[in-house]
Amino acid sequence: MAALDLIAERGLSQVTTGMIAARAGVSLRTFFNYYPNKEAASVGHPPEFSETAVHRFVTGTGTLAEGLADMLREQFTLVAARHDMIEQLLAQVRRTPELLLPLEEAMREHRDALARILRRRLVELDPADATLLADLLLAAIRHAILSRPADESAGLEDIALTAVERLRRTGTLLAGL
């Protein structure tokens with residue numbers, strides 16, 4: 001939040017890592033333990049998947065769609081707590097194209113974590129297929145978020161259900177190829 005606030009106030013080019021560290025109340029050394037630069041600090045890290053939710057998914061006996069929906073609902077609960085920060089990040093990314101690359105890198109890390117989780121449940125799944133499935137799931141989530149009406153009163157957790165259902169329907173279509 002410190003990085004996003006400073007960028008909103010001054011613009012990315014006028015913000016230094018020292019300013020971000022000072023605003024966050026940490027030393028510059030601590031800053032660099034977590035982020036390589038101000039752009040990465042501005043994007044931050046997506047919340048990690050809850051180990052409890054991952055365990056339920058990996059050991060689940062229901063369908064893959066049910067397990068994914070359950071795990072993602074919990075993930076969106078974590079994301080909902082950071083809603084204001086996410087909105088501010090998206091606003092800054094729209095105004096500051098230099099933040100696109102670190103945002104894409106953060107999303108790749110998130111995709112890779114999801115692919116590893118998928119392989120824990122589907123142990124025979126080829127790593128490339130796990131990555132593709134994770135990419136498709138994240139694309140379905142993006143689509144569910146972007147296609148949701150602005151006045152939608154349903155919580156972010158419902159996005160997980162919508163995304164998994166769309167992915168399931170797409171899988172059914174693809175199975176017919």
# chains A, B, ... in the order shown; residues from 1 in each chain; ligands from 1
$ residues_around --residues "Gln88 in chain A" --least-positions-apart "5" --cutoff "9 Å" --atoms "only C-alpha atoms" --output "count of residues only"
6
$ residues_around --residues "Gly67 in chain A" --least-positions-apart "4" --cutoff "9 Å" --atoms "only C-alpha atoms" --output "list in words"
Arg56, Phe57, Val58, Gly60, Thr61, Gly62, Thr63, Met71 and Leu72 of chain A
$ atom_distance --atom1 "CA of Ser27 in chain A" --atom2 "CA of Leu12 in chain A"
20.1 Å
$ residues_around --residues "range 169-177 of chain A" --least-positions-apart "4" --cutoff "12 Å" --atoms "only C-alpha atoms" --output "list in words"
Leu64, Ala65, Leu133, Leu136, Leu137, Ala139, Ala140, Thr162, Ala163, Val164 and Glu165 of chain A
$ write_last_selection --atoms "C-alpha atoms" --output "mmCIF file, in the first residue's frame"
data_model
loop_
_atom_site.group_PDB
_atom_site.id
_atom_site.type_symbol
_atom_site.label_atom_id
_atom_site.label_comp_id
_atom_site.auth_asym_id
_atom_site.auth_seq_id
_atom_site.Cartn_x
_atom_site.Cartn_y
_atom_site.Cartn_z
ATOM 1 C CA LEU A 64 -12.255 -31.658 -9.691
ATOM 2 C CA ALA A 65 -14.681 -28.764 -10.293
ATOM 3 C CA LEU A 133 -5.100 -25.856 -16.860
ATOM 4 C CA LEU A 136 -7.301 -21.554 -18.279
ATOM 5 C CA LEU A 137 -8.605 -21.305 -14.734
ATOM 6 C CA ALA A 139 -8.443 -16.761 -17.588
ATOM 7 C CA ALA A 140 -11.896 -17.971 -16.492
ATOM 8 C CA THR A 162 -18.716 -18.790 -11.979
ATOM 9 C CA ALA A 163 -15.141 -19.332 -13.193
ATOM 10 C CA VAL A 164 -15.125 -23.049 -12.416
ATOM 11 C CA GLU A 165 -18.529 -23.522 -14.050
#
$ residues_around --residues "Val79 in chain A" --least-positions-apart "5" --cutoff "10 Å" --atoms "only C-alpha atoms" --output "NGL selection string"
:A and (46-48 or 73-74 or 84-86 or 156-157)
$ select_by_dssp --residues "chain A" --states "alpha helix (DSSP H)" --output "PyMOL selection string"
chain A and resi 2-10+17-24+28-34+38-43+51-59+64-80+83-95+100-121+127-147+157-175
$ write_last_selection --atoms "C-alpha atoms" --output "compact mmCIF listing (two decimals), in the first residue's frame"
# COMPACT_ATOMS: atom_id res chain seq x y z
CA ALA A 2 2.89 2.36 0.72
CA ALA A 3 4.15 2.03 -2.85
CA LEU A 4 0.69 2.45 -4.37
CA ASP A 5 -0.07 5.49 -2.22
CA LEU A 6 3.20 7.17 -3.18
CA ILE A 7 2.71 6.43 -6.86
CA ALA A 8 -0.81 7.85 -6.69
CA GLU A 9 0.55 10.99 -5.04
CA ARG A 10 3.71 11.55 -7.12
CA THR A 17 12.58 2.56 -3.06
CA GLY A 18 13.82 4.61 -0.09
CA MET A 19 10.57 6.57 -0.05
CA ILE A 20 8.54 3.36 -0.15
CA ALA A 21 10.57 1.79 2.66
CA ALA A 22 10.22 4.93 4.79
CA ARG A 23 6.44 5.11 4.20
CA ALA A 24 6.11 1.41 5.07
CA LEU A 28 15.80 -0.38 2.80
CA ARG A 29 17.48 -3.71 3.48
CA THR A 30 14.16 -5.20 4.58
CA PHE A 31 12.49 -3.73 1.49
CA PHE A 32 14.99 -5.51 -0.77
CA ASN A 33 14.46 -8.79 1.09
CA TYR A 34 10.93 -8.79 -0.32
CA LYS A 38 9.69 -0.23 -6.72
CA GLU A 39 7.59 -1.69 -9.54
CA ALA A 40 7.50 -5.12 -7.90
CA ALA A 41 6.63 -3.53 -4.56
CA SER A 42 3.77 -1.67 -6.23
CA VAL A 43 2.29 -4.91 -7.51
CA GLU A 51 -2.70 -24.72 3.21
CA THR A 52 -5.98 -25.94 4.70
CA ALA A 53 -7.85 -25.29 1.44
CA VAL A 54 -5.03 -26.87 -0.58
CA HIS A 55 -5.10 -29.95 1.65
CA ARG A 56 -8.88 -30.28 1.23
CA PHE A 57 -8.45 -29.93 -2.55
CA VAL A 58 -5.57 -32.41 -2.82
CA THR A 59 -7.24 -35.05 -0.64
CA LEU A 64 -12.26 -31.66 -9.69
CA ALA A 65 -14.68 -28.76 -10.29
CA GLU A 66 -16.08 -29.02 -6.76
CA GLY A 67 -12.61 -29.11 -5.27
CA LEU A 68 -11.41 -26.15 -7.31
CA ALA A 69 -14.50 -24.12 -6.47
CA ASP A 70 -14.01 -24.79 -2.76
CA MET A 71 -10.32 -23.86 -2.83
CA LEU A 72 -10.93 -20.75 -4.93
CA ARG A 73 -13.82 -19.55 -2.75
CA GLU A 74 -11.43 -19.49 0.18
CA GLN A 75 -8.81 -17.71 -1.96
CA PHE A 76 -11.34 -15.04 -2.92
CA THR A 77 -12.20 -14.54 0.73
CA LEU A 78 -8.55 -13.59 1.26
CA VAL A 79 -8.60 -11.37 -1.82
CA ALA A 80 -11.83 -9.67 -0.71
CA HIS A 83 -10.25 -5.29 -2.21
CA ASP A 84 -9.29 -1.60 -1.82
CA MET A 85 -5.64 -2.36 -2.48
CA ILE A 86 -6.51 -4.40 -5.58
CA GLU A 87 -8.71 -1.59 -6.93
CA GLN A 88 -5.89 0.91 -6.35
CA LEU A 89 -3.39 -1.43 -8.04
CA LEU A 90 -5.61 -1.81 -11.10
CA ALA A 91 -6.09 1.95 -11.31
CA GLN A 92 -2.31 2.50 -11.15
CA VAL A 93 -1.64 -0.18 -13.77
CA ARG A 94 -4.05 1.57 -16.14
CA ARG A 95 -2.16 4.86 -15.63
CA LEU A 100 2.20 -4.33 -16.36
CA LEU A 101 5.37 -6.43 -16.50
CA PRO A 102 5.69 -6.95 -12.73
CA LEU A 103 1.94 -7.63 -12.54
CA GLU A 104 2.28 -10.29 -15.24
CA GLU A 105 5.24 -11.80 -13.35
CA ALA A 106 3.19 -11.96 -10.14
CA MET A 107 0.38 -13.64 -12.06
CA ARG A 108 2.84 -16.18 -13.54
CA GLU A 109 4.01 -17.02 -10.02
CA HIS A 110 0.38 -17.46 -8.99
CA ARG A 111 -0.27 -19.67 -12.04
CA ASP A 112 2.78 -21.81 -11.25
CA ALA A 113 1.62 -22.24 -7.65
CA LEU A 114 -1.80 -23.31 -8.89
CA ALA A 115 -0.22 -25.74 -11.39
CA ARG A 116 1.81 -27.34 -8.56
CA ILE A 117 -1.37 -27.71 -6.49
CA LEU A 118 -3.18 -29.31 -9.44
CA ARG A 119 -0.35 -31.83 -9.83
CA ARG A 120 -0.57 -32.75 -6.15
CA ARG A 121 -4.15 -33.89 -6.73
CA PRO A 127 3.52 -30.39 -15.94
CA ALA A 128 2.74 -28.58 -19.20
CA ASP A 129 -0.90 -29.65 -18.97
CA ALA A 130 -1.05 -28.51 -15.34
CA THR A 131 0.26 -25.10 -16.38
CA LEU A 132 -2.26 -24.89 -19.21
CA LEU A 133 -5.10 -25.86 -16.86
CA ALA A 134 -3.95 -23.22 -14.36
CA ASP A 135 -3.78 -20.63 -17.17
CA LEU A 136 -7.30 -21.55 -18.28
CA LEU A 137 -8.60 -21.31 -14.73
CA LEU A 138 -7.03 -17.88 -14.22
CA ALA A 139 -8.44 -16.76 -17.59
CA ALA A 140 -11.90 -17.97 -16.49
CA ILE A 141 -11.50 -16.01 -13.25
CA ARG A 142 -10.50 -12.85 -15.17
CA HIS A 143 -13.48 -13.32 -17.48
CA ALA A 144 -15.85 -13.82 -14.53
CA ILE A 145 -14.54 -10.66 -12.87
CA LEU A 146 -14.70 -8.55 -16.02
CA SER A 147 -18.14 -9.77 -17.08
CA GLU A 157 -16.37 -15.75 -3.58
CA ASP A 158 -19.11 -16.24 -6.19
CA ILE A 159 -16.58 -15.44 -8.90
CA ALA A 160 -14.85 -18.74 -8.11
CA LEU A 161 -18.07 -20.65 -8.73
CA THR A 162 -18.72 -18.79 -11.98
CA ALA A 163 -15.14 -19.33 -13.19
CA VAL A 164 -15.13 -23.05 -12.42
CA GLU A 165 -18.53 -23.52 -14.05
CA ARG A 166 -17.37 -21.72 -17.20
CA LEU A 167 -14.20 -23.80 -17.26
CA ARG A 168 -16.26 -26.99 -16.83
CA ARG A 169 -18.55 -26.00 -19.73
CA THR A 170 -15.51 -25.17 -21.87
CA GLY A 171 -13.99 -28.54 -21.02
CA THR A 172 -17.20 -30.24 -22.14
CA LEU A 173 -17.03 -28.37 -25.44
CA LEU A 174 -13.38 -29.26 -25.90
CA ALA A 175 -14.08 -32.92 -25.18
$ atom_distance --atom1 "CA of Pro97 in chain A" --atom2 "CA of Phe49 in chain A"
27.7 Å
$ atom_distance --atom1 "CA of Ser13 in chain A" --atom2 "CA of Thr96 in chain A"
9.8 Å
$ decode --residues "range 24-141 of chain A" --atoms "C-alpha atoms" --output "compact mmCIF listing (two decimals), in the first residue's frame"
# COMPACT_ATOMS: atom_id res chain seq x y z
CA ALA A 24 6.11 1.41 5.07
CA GLY A 25 8.24 1.85 8.19
CA VAL A 26 10.90 -0.67 7.16
CA SER A 27 14.59 -0.40 6.39
CA LEU A 28 15.80 -0.38 2.80
CA ARG A 29 17.48 -3.71 3.48
CA THR A 30 14.16 -5.20 4.58
CA PHE A 31 12.49 -3.73 1.49
CA PHE A 32 14.99 -5.51 -0.77
CA ASN A 33 14.46 -8.79 1.09
CA TYR A 34 10.93 -8.79 -0.32
CA TYR A 35 11.07 -6.81 -3.57
CA PRO A 36 13.75 -6.25 -6.21
CA ASN A 37 12.45 -2.79 -7.18
CA LYS A 38 9.69 -0.23 -6.72
CA GLU A 39 7.59 -1.69 -9.54
CA ALA A 40 7.50 -5.12 -7.90
CA ALA A 41 6.63 -3.53 -4.56
CA SER A 42 3.77 -1.67 -6.23
CA VAL A 43 2.29 -4.91 -7.51
CA GLY A 44 3.02 -6.96 -4.40
CA HIS A 45 2.36 -10.67 -4.14
CA PRO A 46 -0.98 -12.37 -4.63
CA PRO A 47 -2.17 -14.06 -1.43
CA GLU A 48 -0.91 -17.61 -1.17
CA PHE A 49 -3.41 -20.43 -1.26
CA SER A 50 -4.44 -21.48 2.24
CA GLU A 51 -2.70 -24.72 3.21
CA THR A 52 -5.98 -25.94 4.70
CA ALA A 53 -7.85 -25.29 1.44
CA VAL A 54 -5.03 -26.87 -0.58
CA HIS A 55 -5.10 -29.95 1.65
CA ARG A 56 -8.88 -30.28 1.23
CA PHE A 57 -8.45 -29.93 -2.55
CA VAL A 58 -5.57 -32.41 -2.82
CA THR A 59 -7.24 -35.05 -0.64
CA GLY A 60 -10.78 -34.35 -1.86
CA THR A 61 -12.91 -37.13 -3.25
CA GLY A 62 -15.47 -34.96 -5.02
CA THR A 63 -15.17 -33.79 -8.60
CA LEU A 64 -12.26 -31.66 -9.69
CA ALA A 65 -14.68 -28.76 -10.29
CA GLU A 66 -16.08 -29.02 -6.76
CA GLY A 67 -12.61 -29.11 -5.27
CA LEU A 68 -11.41 -26.15 -7.31
CA ALA A 69 -14.50 -24.12 -6.47
CA ASP A 70 -14.01 -24.79 -2.76
CA MET A 71 -10.32 -23.86 -2.83
CA LEU A 72 -10.93 -20.75 -4.93
CA ARG A 73 -13.82 -19.55 -2.75
CA GLU A 74 -11.43 -19.49 0.18
CA GLN A 75 -8.81 -17.71 -1.96
CA PHE A 76 -11.34 -15.04 -2.92
CA THR A 77 -12.20 -14.54 0.73
CA LEU A 78 -8.55 -13.59 1.26
CA VAL A 79 -8.60 -11.37 -1.82
CA ALA A 80 -11.83 -9.67 -0.71
CA ALA A 81 -10.03 -8.48 2.43
CA ARG A 82 -7.58 -6.65 0.15
CA HIS A 83 -10.25 -5.29 -2.21
CA ASP A 84 -9.29 -1.60 -1.82
CA MET A 85 -5.64 -2.36 -2.48
CA ILE A 86 -6.51 -4.40 -5.58
CA GLU A 87 -8.71 -1.59 -6.93
CA GLN A 88 -5.89 0.91 -6.35
CA LEU A 89 -3.39 -1.43 -8.04
CA LEU A 90 -5.61 -1.81 -11.10
CA ALA A 91 -6.09 1.95 -11.31
CA GLN A 92 -2.31 2.50 -11.15
CA VAL A 93 -1.64 -0.18 -13.77
CA ARG A 94 -4.05 1.57 -16.14
CA ARG A 95 -2.16 4.86 -15.63
CA THR A 96 1.35 3.40 -15.41
CA PRO A 97 2.18 0.82 -18.12
CA GLU A 98 5.53 0.08 -16.46
CA LEU A 99 3.57 -1.84 -13.82
CA LEU A 100 2.20 -4.33 -16.36
CA LEU A 101 5.37 -6.43 -16.50
CA PRO A 102 5.69 -6.95 -12.73
CA LEU A 103 1.94 -7.63 -12.54
CA GLU A 104 2.28 -10.29 -15.24
CA GLU A 105 5.24 -11.80 -13.35
CA ALA A 106 3.19 -11.96 -10.14
CA MET A 107 0.38 -13.64 -12.06
CA ARG A 108 2.84 -16.18 -13.54
CA GLU A 109 4.01 -17.02 -10.02
CA HIS A 110 0.38 -17.46 -8.99
CA ARG A 111 -0.27 -19.67 -12.04
CA ASP A 112 2.78 -21.81 -11.25
CA ALA A 113 1.62 -22.24 -7.65
CA LEU A 114 -1.80 -23.31 -8.89
CA ALA A 115 -0.22 -25.74 -11.39
CA ARG A 116 1.81 -27.34 -8.56
CA ILE A 117 -1.37 -27.71 -6.49
CA LEU A 118 -3.18 -29.31 -9.44
CA ARG A 119 -0.35 -31.83 -9.83
CA ARG A 120 -0.57 -32.75 -6.15
CA ARG A 121 -4.15 -33.89 -6.73
CA LEU A 122 -3.69 -35.17 -10.29
CA VAL A 123 -0.29 -36.81 -9.86
CA GLU A 124 -0.16 -38.18 -13.43
CA LEU A 125 -0.90 -34.77 -14.94
CA ASP A 126 1.89 -33.63 -17.23
CA PRO A 127 3.52 -30.39 -15.94
CA ALA A 128 2.74 -28.58 -19.20
CA ASP A 129 -0.90 -29.65 -18.97
CA ALA A 130 -1.05 -28.51 -15.34
CA THR A 131 0.26 -25.10 -16.38
CA LEU A 132 -2.26 -24.89 -19.21
CA LEU A 133 -5.10 -25.86 -16.86
CA ALA A 134 -3.95 -23.22 -14.36
CA ASP A 135 -3.78 -20.63 -17.17
CA LEU A 136 -7.30 -21.55 -18.28
CA LEU A 137 -8.60 -21.31 -14.73
CA LEU A 138 -7.03 -17.88 -14.22
CA ALA A 139 -8.44 -16.76 -17.59
CA ALA A 140 -11.90 -17.97 -16.49
CA ILE A 141 -11.50 -16.01 -13.25
